[in-house]
file coords09.pdb (PDB, C-alpha atoms)
ATOM      1  CA  MET A 126       3.465  28.315 -12.047
ATOM      2  CA  ALA A 127       5.496  29.978 -14.777
ATOM      3  CA  PRO A 128       6.491  33.598 -14.103
ATOM      4  CA  ARG A 129       4.157  36.112 -15.769
ATOM      5  CA  ILE A 130       6.068  38.859 -17.581
ATOM      6  CA  ALA A 131       4.342  41.928 -19.008
ATOM      7  CA  ILE A 132       5.769  43.547 -22.144
ATOM      8  CA  ALA A 133       5.157  47.150 -23.156
ATOM      9  CA  GLY A 134       6.950  49.771 -25.229
ATOM     10  CA  PHE A 135       6.833  53.556 -25.512
ATOM     11  CA  LEU A 136       9.612  55.081 -27.623
ATOM     12  CA  HIS A 137      10.373  58.581 -28.789
ATOM     13  CA  GLU A 138      13.627  60.426 -29.443
ATOM     14  CA  THR A 139      12.681  64.039 -28.853
ATOM     15  CA  ASN A 140      14.350  67.047 -30.418
ATOM     16  CA  THR A 141      13.293  69.946 -28.210
ATOM     17  CA  PHE A 142      14.423  72.423 -30.907
ATOM     18  CA  ALA A 143      11.995  70.995 -33.484
ATOM     19  CA  PRO A 144       8.928  73.241 -33.845
ATOM     20  CA  MET A 145       6.343  70.590 -34.694
ATOM     21  CA  PRO A 146       4.991  68.572 -31.737
ATOM     22  CA  THR A 147       4.627  64.799 -31.845
ATOM     23  CA  VAL A 148       0.928  63.968 -31.589
ATOM     24  CA  PHE A 149      -0.854  60.671 -30.997
ATOM     25  CA  GLU A 150      -1.380  60.170 -34.738
ATOM     26  CA  ASN A 151       2.405  60.124 -35.248
ATOM     27  CA  PHE A 152       2.516  56.897 -33.243
ATOM     28  CA  VAL A 153      -0.365  55.308 -35.136
ATOM     29  CA  VAL A 154       1.161  54.888 -38.573
ATOM     30  CA  GLU A 155       0.988  52.172 -41.202
ATOM     31  CA  GLY A 156       3.857  50.731 -43.190
ATOM     32  CA  ASP A 157       6.644  52.557 -41.361
ATOM     33  CA  SER A 158       9.771  50.479 -40.778
ATOM     34  CA  TYR A 159      10.516  52.240 -37.488
ATOM     35  CA  ALA A 160       7.397  53.743 -35.960
ATOM     36  CA  GLY A 161       4.217  51.895 -35.147
ATOM     37  CA  PHE A 162       1.456  51.075 -32.702
ATOM     38  CA  ARG A 163       0.634  47.553 -31.544
ATOM     39  CA  ARG A 164      -1.757  46.166 -28.982
ATOM     40  CA  GLY A 165      -1.805  42.792 -27.268
ATOM     41  CA  PRO A 166      -0.819  39.789 -29.404
ATOM     42  CA  GLU A 167       0.275  42.053 -32.276
ATOM     43  CA  ILE A 168       3.405  42.806 -30.238
ATOM     44  CA  LEU A 169       4.372  39.130 -30.452
ATOM     45  CA  ASP A 170       4.395  39.041 -34.267
ATOM     46  CA  VAL A 171       8.218  39.155 -34.072
ATOM     47  CA  ARG A 172       8.340  35.902 -32.081
ATOM     48  CA  GLY A 173      10.749  33.405 -33.639
ATOM     49  CA  LYS A 174      12.303  35.978 -35.979
ATOM     50  CA  ARG A 175      15.944  36.969 -35.708
ATOM     51  CA  ILE A 176      15.469  40.585 -36.695
ATOM     52  CA  ASN A 177      16.749  43.872 -35.332
ATOM     53  CA  SER A 178      14.022  44.110 -32.700
ATOM     54  CA  VAL A 179      14.348  44.369 -28.928
ATOM     55  CA  VAL A 180      11.121  42.445 -28.380
ATOM     56  CA  ALA A 181      12.242  39.654 -30.750
ATOM     57  CA  GLY A 182      15.474  39.273 -28.779
ATOM     58  CA  PHE A 183      13.622  39.278 -25.470
ATOM     59  CA  LEU A 184      11.270  36.532 -26.621
ATOM     60  CA  ASP A 185      14.188  34.495 -28.012
ATOM     61  CA  VAL A 186      15.451  34.042 -24.447
ATOM     62  CA  ALA A 187      12.213  34.269 -22.457
ATOM     63  CA  ASP A 188      10.193  31.731 -24.448
ATOM     64  CA  PRO A 189      12.535  28.748 -23.814
ATOM     65  CA  LEU A 190      12.396  29.613 -20.107
ATOM     66  CA  GLY A 191       8.670  28.929 -20.190
ATOM     67  CA  TYR A 192       7.563  32.388 -19.096
ATOM     68  CA  GLU A 193       3.987  33.479 -19.617
ATOM     69  CA  ILE A 194       4.361  36.603 -21.744
ATOM     70  CA  VAL A 195       1.563  39.175 -21.451
ATOM     71  CA  PRO A 196       1.820  41.792 -24.243
ATOM     72  CA  LEU A 197       0.170  45.127 -23.452
ATOM     73  CA  THR A 198       0.825  48.176 -25.684
ATOM     74  CA  TRP A 199       3.837  49.123 -27.821
ATOM     75  CA  ALA A 200       4.092  52.549 -29.459
ATOM     76  CA  CYS A 201       6.903  54.317 -31.293
ATOM     77  CA  ALA A 202       7.036  57.538 -33.321
ATOM     78  CA  GLU A 203       9.728  58.963 -35.563
ATOM     79  CA  PRO A 204      12.172  61.400 -33.892
ATOM     80  CA  ALA A 205      10.607  64.880 -33.810
ATOM     81  CA  GLY A 206       9.468  67.653 -31.477
ATOM     82  CA  GLN A 207       8.244  67.065 -27.958
ATOM     83  CA  VAL A 208       5.370  64.643 -27.391
ATOM     84  CA  THR A 209       2.094  66.330 -26.568
ATOM     85  CA  ALA A 210       0.632  65.716 -23.149
ATOM     86  CA  ASN A 211      -2.449  64.280 -24.854
ATOM     87  CA  ALA A 212      -0.412  61.679 -26.759
ATOM     88  CA  PHE A 213       1.603  60.761 -23.691
ATOM     89  CA  GLU A 214      -1.450  60.312 -21.496
ATOM     90  CA  LYS A 215      -3.278  58.232 -24.117
ATOM     91  CA  ILE A 216      -0.422  55.777 -24.588
ATOM     92  CA  MET A 217       0.674  55.702 -20.978
ATOM     93  CA  GLY A 218      -2.953  55.245 -19.995
ATOM     94  CA  LEU A 219      -3.205  52.119 -22.156
ATOM     95  CA  ILE A 220      -0.034  50.671 -20.654
ATOM     96  CA  ALA A 221      -1.186  51.490 -17.130
ATOM     97  CA  ALA A 222      -4.611  49.955 -17.717
ATOM     98  CA  GLY A 223      -3.028  46.769 -19.021
ATOM     99  CA  LEU A 224      -0.773  46.514 -15.988
ATOM    100  CA  SER A 225      -3.702  47.076 -13.633
ATOM    101  CA  ASP A 226      -6.254  44.868 -15.382
ATOM    102  CA  GLN A 227      -4.064  41.919 -16.388
ATOM    103  CA  GLY A 228      -1.847  41.615 -13.320
ATOM    104  CA  PRO A 229      -0.414  40.477 -11.083
ATOM    105  CA  PHE A 230       2.929  39.994 -12.754
ATOM    106  CA  ASP A 231       6.277  38.600 -11.702
ATOM    107  CA  GLY A 232       8.171  41.084 -13.853
ATOM    108  CA  VAL A 233       7.808  43.849 -16.431
ATOM    109  CA  PHE A 234       9.864  44.418 -19.562
ATOM    110  CA  LEU A 235       9.761  47.878 -21.144
ATOM    111  CA  ASP A 236      11.076  48.818 -24.580
ATOM    112  CA  LEU A 237      11.994  52.510 -24.192
ATOM    113  CA  HIS A 238      14.258  55.054 -25.849
ATOM    114  CA  GLY A 239      15.652  57.258 -23.104
ATOM    115  CA  ALA A 240      15.316  60.710 -24.683
ATOM    116  CA  MET A 241      11.586  61.382 -24.564
ATOM    117  CA  VAL A 242      10.365  64.845 -23.628
ATOM    118  CA  PHE A 243       6.666  65.564 -23.336
ATOM    119  CA  GLU A 244       4.716  68.698 -22.546
ATOM    120  CA  GLY A 245       4.892  69.547 -18.891
ATOM    121  CA  PHE A 246       7.565  66.974 -18.027
ATOM    122  CA  HIS A 247      11.082  66.964 -19.400
ATOM    123  CA  ASP A 248      12.023  63.387 -18.529
ATOM    124  CA  GLY A 249       9.565  61.053 -20.196
ATOM    125  CA  GLU A 250      11.251  57.788 -19.245
ATOM    126  CA  THR A 251      11.359  58.667 -15.552
ATOM    127  CA  GLU A 252       7.628  59.379 -15.621
ATOM    128  CA  ILE A 253       6.925  56.107 -17.449
ATOM    129  CA  LEU A 254       8.977  54.134 -14.948
ATOM    130  CA  ARG A 255       7.475  56.003 -11.994
ATOM    131  CA  ARG A 256       3.937  55.164 -13.074
ATOM    132  CA  VAL A 257       4.758  51.535 -13.837
ATOM    133  CA  ARG A 258       6.444  51.110 -10.467
ATOM    134  CA  ALA A 259       3.463  52.668  -8.683
ATOM    135  CA  ILE A 260       1.167  50.072 -10.260
ATOM    136  CA  VAL A 261       3.180  46.866 -10.021
ATOM    137  CA  GLY A 262       4.998  47.441  -6.741
ATOM    138  CA  ASP A 263       8.206  45.703  -5.790
ATOM    139  CA  ILE A 264       8.747  43.363  -8.717
ATOM    140  CA  PRO A 265      11.520  43.391 -11.352
ATOM    141  CA  ILE A 266      11.236  46.114 -13.991
ATOM    142  CA  VAL A 267      13.796  45.835 -16.780
ATOM    143  CA  ALA A 268      13.966  48.432 -19.545
ATOM    144  CA  ALA A 269      15.879  48.473 -22.824
ATOM    145  CA  LEU A 270      17.227  51.833 -23.975
ATOM    146  CA  ASP A 271      18.758  53.441 -27.043
ATOM    147  CA  LEU A 272      22.332  54.430 -26.175
ATOM    148  CA  HIS A 273      21.369  58.005 -27.098
ATOM    149  CA  GLY A 274      19.140  58.201 -24.039
ATOM    150  CA  ASN A 275      19.599  60.967 -21.488
ATOM    151  CA  ILE A 276      19.202  59.072 -18.242
ATOM    152  CA  ALA A 277      18.556  60.689 -14.888
ATOM    153  CA  LEU A 278      19.073  59.153 -11.456
ATOM    154  CA  PRO A 279      15.328  58.751 -10.743
ATOM    155  CA  SER A 280      15.010  56.404 -13.745
ATOM    156  CA  VAL A 281      17.762  54.247 -12.286
ATOM    157  CA  GLU A 282      15.969  54.215  -8.949
ATOM    158  CA  TYR A 283      12.563  53.235 -10.358
ATOM    159  CA  ALA A 284      13.901  50.519 -12.674
ATOM    160  CA  SER A 285      15.505  47.291 -11.511
ATOM    161  CA  VAL A 286      17.857  47.183 -14.512
ATOM    162  CA  LEU A 287      18.423  49.516 -17.474
ATOM    163  CA  ILE A 288      20.084  47.943 -20.508
ATOM    164  CA  GLY A 289      21.342  50.090 -23.379
ATOM    165  CA  TYR A 290      22.219  49.307 -26.966
ATOM    166  CA  ARG A 291      25.938  48.825 -27.605
ATOM    167  CA  THR A 292      26.149  49.809 -31.259
ATOM    168  CA  TYR A 293      25.699  52.991 -33.253
ATOM    169  CA  PRO A 294      24.449  52.601 -35.926
ATOM    170  CA  HIS A 295      21.996  50.517 -33.899
ATOM    171  CA  ILE A 296      22.340  46.947 -35.132
ATOM    172  CA  ASP A 297      22.158  45.110 -31.791
ATOM    173  CA  LEU A 298      18.521  45.537 -30.782
ATOM    174  CA  PHE A 299      18.000  41.756 -30.845
ATOM    175  CA  GLU A 300      20.987  41.225 -28.551
ATOM    176  CA  THR A 301      19.783  44.016 -26.254
ATOM    177  CA  GLY A 302      16.470  42.217 -25.874
ATOM    178  CA  GLN A 303      18.294  38.986 -25.101
ATOM    179  CA  ARG A 304      20.285  40.711 -22.364
ATOM    180  CA  ALA A 305      17.079  42.159 -20.938
ATOM    181  CA  ALA A 306      15.485  38.720 -20.742
ATOM    182  CA  GLN A 307      18.583  37.339 -19.036
ATOM    183  CA  ALA A 308      18.324  40.117 -16.466
ATOM    184  CA  ILE A 309      14.629  39.338 -15.884
ATOM    185  CA  SER A 310      15.536  35.687 -15.402
ATOM    186  CA  TYR A 311      18.169  36.594 -12.809
ATOM    187  CA  LEU A 312      15.749  38.804 -10.898
ATOM    188  CA  VAL A 313      12.664  36.575 -10.905
ATOM    189  CA  SER A 314      14.788  33.783  -9.472
ATOM    190  CA  GLY A 315      15.117  35.927  -6.372
ATOM    191  CA  LYS A 316      18.823  36.686  -6.617
ATOM    192  CA  PRO A 317      20.011  40.017  -5.146
ATOM    193  CA  LEU A 318      21.127  42.853  -7.386
ATOM    194  CA  HIS A 319      22.793  46.154  -6.558
ATOM    195  CA  LYS A 320      22.808  49.188  -8.856
ATOM    196  CA  ALA A 321      25.387  51.867  -9.562
ATOM    197  CA  PHE A 322      25.025  55.043 -11.603
ATOM    198  CA  ARG A 323      27.662  57.577 -12.563
ATOM    199  CA  GLN A 324      27.018  60.649 -14.707
ATOM    200  CA  LEU A 325      30.053  62.367 -16.192
ATOM    201  CA  PRO A 326      30.046  66.128 -16.879
ATOM    202  CA  PHE A 327      30.571  65.941 -20.637
ATOM    203  CA  LEU A 328      29.026  64.541 -23.814
ATOM    204  CA  VAL A 329      30.682  62.875 -26.783
ATOM    205  CA  PRO A 330      29.445  64.799 -29.854
ATOM    206  CA  ILE A 331      27.085  62.784 -32.030
ATOM    207  CA  SER A 332      29.580  62.933 -34.900
ATOM    208  CA  ALA A 333      32.042  60.935 -32.788
ATOM    209  CA  GLN A 334      29.613  58.410 -31.294
ATOM    210  CA  SER A 335      29.891  55.664 -33.903
ATOM    211  CA  THR A 336      30.922  52.446 -32.200
ATOM    212  CA  ASN A 337      32.832  51.516 -35.374
ATOM    213  CA  THR A 338      35.404  54.244 -34.715
ATOM    214  CA  GLU A 339      37.270  55.735 -31.786
ATOM    215  CA  PRO A 340      36.720  56.723 -29.049
ATOM    216  CA  CYS A 341      33.460  54.798 -28.734
ATOM    217  CA  ARG A 342      34.761  51.585 -30.295
ATOM    218  CA  SER A 343      37.175  51.096 -27.400
ATOM    219  CA  LEU A 344      34.749  52.413 -24.784
ATOM    220  CA  TYR A 345      32.014  49.947 -25.705
ATOM    221  CA  ALA A 346      34.506  47.092 -26.010
ATOM    222  CA  LEU A 347      35.218  47.617 -22.315
ATOM    223  CA  ILE A 348      31.692  46.498 -21.444
ATOM    224  CA  ASP A 349      32.502  42.915 -22.416
ATOM    225  CA  GLU A 350      35.604  43.043 -20.227
ATOM    226  CA  VAL A 351      33.648  44.376 -17.248
ATOM    227  CA  GLU A 352      31.008  41.677 -17.610
ATOM    228  CA  GLN A 353      33.643  38.967 -17.399
ATOM    229  CA  ASP A 354      33.450  39.552 -13.664
ATOM    230  CA  PRO A 355      30.807  37.070 -12.407
ATOM    231  CA  ARG A 356      29.611  39.688  -9.929
ATOM    232  CA  VAL A 357      28.541  41.990 -12.771
ATOM    233  CA  ILE A 358      25.135  41.105 -14.220
ATOM    234  CA  SER A 359      24.900  43.988 -16.689
ATOM    235  CA  ALA A 360      26.802  47.126 -17.625
ATOM    236  CA  THR A 361      25.730  49.946 -19.921
ATOM    237  CA  ILE A 362      27.278  53.118 -21.343
ATOM    238  CA  MET A 363      24.807  55.788 -22.402
ATOM    239  CA  ALA A 364      26.355  58.236 -24.849
ATOM    240  CA  GLY A 365      23.400  60.631 -24.659
ATOM    241  CA  SER A 366      22.039  62.863 -27.374
TER     242      SER A 366
END

call {"tool": "encode", "arguments": {"input": "coords09.pdb", "output": "structure tokens"}}
result
Amino acid sequence: MAPRIAIAGFLHETNTFAPMPTVFENFVVEGDSYAGFRRGPEILDVRGKRINSVVAGFLDVADPLGYEIVPLTWACAEPAGQVTANAFEKIMGLIAAGLSDQGPFDGVFLDLHGAMVFEGFHDGETEILRRVRAIVGDIPIVAALDLHGNIALPSVEYASVLIGYRTYPHIDLFETGQRAAQAISYLVSGKPLHKAFRQLPFLVPISAQSTNTEPCRSLYALIDEVEQDPRVISATIMAGS
């Protein structure tokens, strides 16, 4: 039987200094080029399109492999103040219900941001990954991340692989999705994978994070060099925000 891969997304870039909270209605918008809310087959509308979309890139690789793709819930809101607990629980509840009701799965792909903060919990992505892992057990979980994510060690522990964008401005979402699908393929084949995480005690200011200029241009070019080693399946640099 073909591997069954669940797809879900929950993205928010939180500015904790912004006074206005991000409510559920901010995720459910019409006609926005960035934000949106999709359920089930609506998530697959990007199938066959080479557009700047993580899900489109994932499907571009996963579909030829013959995987059974099970789309659950995908939600994204514009960057703003912290997500309300109500909004988080509504969206996370839909994702969790889909994982529970439509499983079992051989793998899970998550489209995340990496800098979500919601009321009562400062690390949104860790909580998302923790809940997903609690439902699906010991199967591959691969997540795509904006390179402006603030990643903590528990996220690395809950996920099988975290794969960040490599461009700012972000023009490589399609390629990020492709890399995520390649990682899923590696893992569902049963091959072993070992993780490493290193957090440095400084941040590159946002004004210097463009990957078109130094220092980030050279830093991100190093990823390709590192991945020339056949022992390295994936490498990511998170610049943070």

call {"tool": "residues_near_point", "arguments": {"input": "coords09.pdb", "point": "(2.4, 66.6, -23.6)", "cutoff": "9 Å", "atoms": "all atoms listed in the file", "output": "CSV table (one decimal) with C-alpha atoms, in the coordinates of the input"}}
result
chain,number,residue,atom,x,y,z
A,146,PRO,CA,5.0,68.6,-31.7
A,147,THR,CA,4.6,64.8,-31.8
A,148,VAL,CA,0.9,64.0,-31.6
A,207,GLN,CA,8.2,67.1,-28.0
A,208,VAL,CA,5.4,64.6,-27.4
A,209,THR,CA,2.1,66.3,-26.6
A,210,ALA,CA,0.6,65.7,-23.1
A,211,ASN,CA,-2.4,64.3,-24.9
A,212,ALA,CA,-0.4,61.7,-26.8
A,213,PHE,CA,1.6,60.8,-23.7
A,214,GLU,CA,-1.4,60.3,-21.5
A,242,VAL,CA,10.4,64.8,-23.6
A,243,PHE,CA,6.7,65.6,-23.3
A,244,GLU,CA,4.7,68.7,-22.5
A,245,GLY,CA,4.9,69.5,-18.9
A,246,PHE,CA,7.6,67.0,-18.0

call {"tool": "closest_atom_pairs", "arguments": {"input": "coords09.pdb", "of": "region 154-252 of chain A", "to": "region 294-312 of chain A", "cutoff": "10 Å", "atoms": "only C-alpha atoms", "output": "tab-separated table"}}
result
residue	atom	partner	partner_atom	distance
A:Lys174	CA	A:Phe299	CA	9.6
A:Arg175	CA	A:Phe299	CA	7.1
A:Ile176	CA	A:Phe299	CA	6.5
A:Asn177	CA	A:Phe299	CA	5.1
A:Ser178	CA	A:Phe299	CA	5.0
A:Val179	CA	A:Gly302	CA	4.3
A:Val180	CA	A:Gly302	CA	5.9
A:Ala181	CA	A:Phe299	CA	6.1
A:Gly182	CA	A:Phe299	CA	4.1
A:Phe183	CA	A:Gly302	CA	4.1
A:Leu184	CA	A:Ala306	CA	7.6
A:Asp185	CA	A:Gln303	CA	6.7
A:Val186	CA	A:Gln303	CA	5.7
A:Ala187	CA	A:Ala306	CA	5.8
A:Asp188	CA	A:Ala306	CA	9.5
A:Leu190	CA	A:Ser310	CA	8.3
A:Tyr192	CA	A:Ser310	CA	9.4
A:Asp231	CA	A:Ile309	CA	9.4
A:Gly232	CA	A:Ile309	CA	7.0
A:Val233	CA	A:Ile309	CA	8.2
A:Phe234	CA	A:Ala305	CA	7.7
A:Leu235	CA	A:Ala305	CA	9.3
A:Asp236	CA	A:Gly302	CA	8.6

call {"tool": "resolve_selection", "arguments": {"input": "coords09.pdb", "expression": "the PyMOL selection byres ((chain A and resi 260) around 8)", "output": "ChimeraX atom specification"}}
result
/A:221,224-225,256-259,261-262

call {"tool": "residues_around", "arguments": {"input": "coords09.pdb", "residues": "region 317-328 of chain A", "least_positions_apart": "2", "cutoff": "10 Å", "atoms": "only C-alpha atoms", "output": "PyMOL selection string"}}
result
chain A and resi 276-278+281-282+284-287+308+311-315+330-331+334+356-366

call {"tool": "closest_residue", "arguments": {"input": "coords09.pdb", "among": "A:Gly228, A:Gly249, A:Gly134, A:Gly239", "to": "Phe162 (chain A)", "atoms": "only C-alpha atoms"}}
result
A:Gly134

call {"tool": "atom_distance", "arguments": {"input": "coords09.pdb", "atom1": "CA of Glu252 (chain A)", "atom2": "CA of Glu167 (chain A)"}}
result
25.1 Å

call {"tool": "residues_around", "arguments": {"input": "coords09.pdb", "residues": "Asp226 (chain A)", "least_positions_apart": "6", "cutoff": "12 Å", "atoms": "only C-alpha atoms", "output": "list in words"}}
result
Ala131, Val195, Leu197, Gly218, Leu219, Ile220, Ile260 and Val261 of chain A

call {"tool": "resolve_selection", "arguments": {"input": "coords09.pdb", "expression": "the PyMOL selection byres ((chain A and resi 126) around 12)", "output": "short mmCIF file (atom, residue, chain, number, x, y, z; two decimals) with C-alpha atoms, in the coordinates of the input"}}
result
data_model
loop_
_atom_site.label_atom_id
_atom_site.label_comp_id
_atom_site.auth_asym_id
_atom_site.auth_seq_id
_atom_site.Cartn_x
_atom_site.Cartn_y
_atom_site.Cartn_z
CA ALA A 127 5.50 29.98 -14.78
CA PRO A 128 6.49 33.60 -14.10
CA ARG A 129 4.16 36.11 -15.77
CA GLY A 191 8.67 28.93 -20.19
CA TYR A 192 7.56 32.39 -19.10
CA GLU A 193 3.99 33.48 -19.62
CA PHE A 230 2.93 39.99 -12.75
CA ASP A 231 6.28 38.60 -11.70
#

call {"tool": "closest_residue", "arguments": {"input": "coords09.pdb", "among": "A:Gly289, A:Pro229, A:Pro204, A:Gly274", "to": "Asn140 (chain A)", "atoms": "all atoms listed in the file"}}
result
A:Pro204

call {"tool": "atom_distance", "arguments": {"input": "coords09.pdb", "atom1": "CA of Gly223 (chain A)", "atom2": "CA of Pro265 (chain A)"}}
result
16.8 Å

call {"tool": "residues_around", "arguments": {"input": "coords09.pdb", "residues": "Ile168 (chain A)", "least_positions_apart": "5", "cutoff": "7 Å", "atoms": "all atoms listed in the file", "output": "list in words"}}
result
Arg163, Pro196 and Trp199 of chain A

call {"tool": "write_last_selection", "arguments": {"input": "coords09.pdb", "atoms": "C-alpha atoms", "output": "short mmCIF file (atom, residue, chain, number, x, y, z; two decimals), keeping the file's coordinate frame"}}
result
data_model
loop_
_atom_site.label_atom_id
_atom_site.label_comp_id
_atom_site.auth_asym_id
_atom_site.auth_seq_id
_atom_site.Cartn_x
_atom_site.Cartn_y
_atom_site.Cartn_z
CA ARG A 163 0.63 47.55 -31.54
CA PRO A 196 1.82 41.79 -24.24
CA TRP A 199 3.84 49.12 -27.82
#

call {"tool": "closest_atom_pairs", "arguments": {"input": "coords09.pdb", "of": "region 235-292 of chain A", "to": "region 339-353 of chain A", "cutoff": "12 Å", "atoms": "only C-alpha atoms", "output": "CSV"}}
result
residue,atom,partner,partner_atom,distance
A:Leu272,CA,A:Tyr345,CA,10.7
A:Ile288,CA,A:Ile348,CA,11.7
A:Gly289,CA,A:Tyr345,CA,10.9
A:Tyr290,CA,A:Tyr345,CA,9.9
A:Arg291,CA,A:Tyr345,CA,6.5
A:Thr292,CA,A:Tyr345,CA,8.1

call {"tool": "write_last_selection", "arguments": {"input": "coords09.pdb", "atoms": "C-alpha atoms", "output": "CSV table (one decimal), keeping the file's coordinate frame"}}
result
chain,number,residue,atom,x,y,z
A,272,LEU,CA,22.3,54.4,-26.2
A,288,ILE,CA,20.1,47.9,-20.5
A,289,GLY,CA,21.3,50.1,-23.4
A,290,TYR,CA,22.2,49.3,-27.0
A,291,ARG,CA,25.9,48.8,-27.6
A,292,THR,CA,26.1,49.8,-31.3

call {"tool": "closest_residue", "arguments": {"input": "coords09.pdb", "among": "A:Glu250, A:Glu203, A:Asp271, A:Asp354", "to": "Ala160 (chain A)", "atoms": "all atoms listed in the file"}}
result
A:Glu203

call {"tool": "atom_distance", "arguments": {"input": "coords09.pdb", "atom1": "CA of Met145 (chain A)", "atom2": "CA of Gly206 (chain A)"}}
result
5.4 Å

call {"tool": "closest_residue", "arguments": {"input": "coords09.pdb", "among": "A:Thr336, A:Gln227, A:Thr251, A:Asn151", "to": "Ile130 (chain A)", "atoms": "only C-alpha atoms"}}
result
A:Gln227
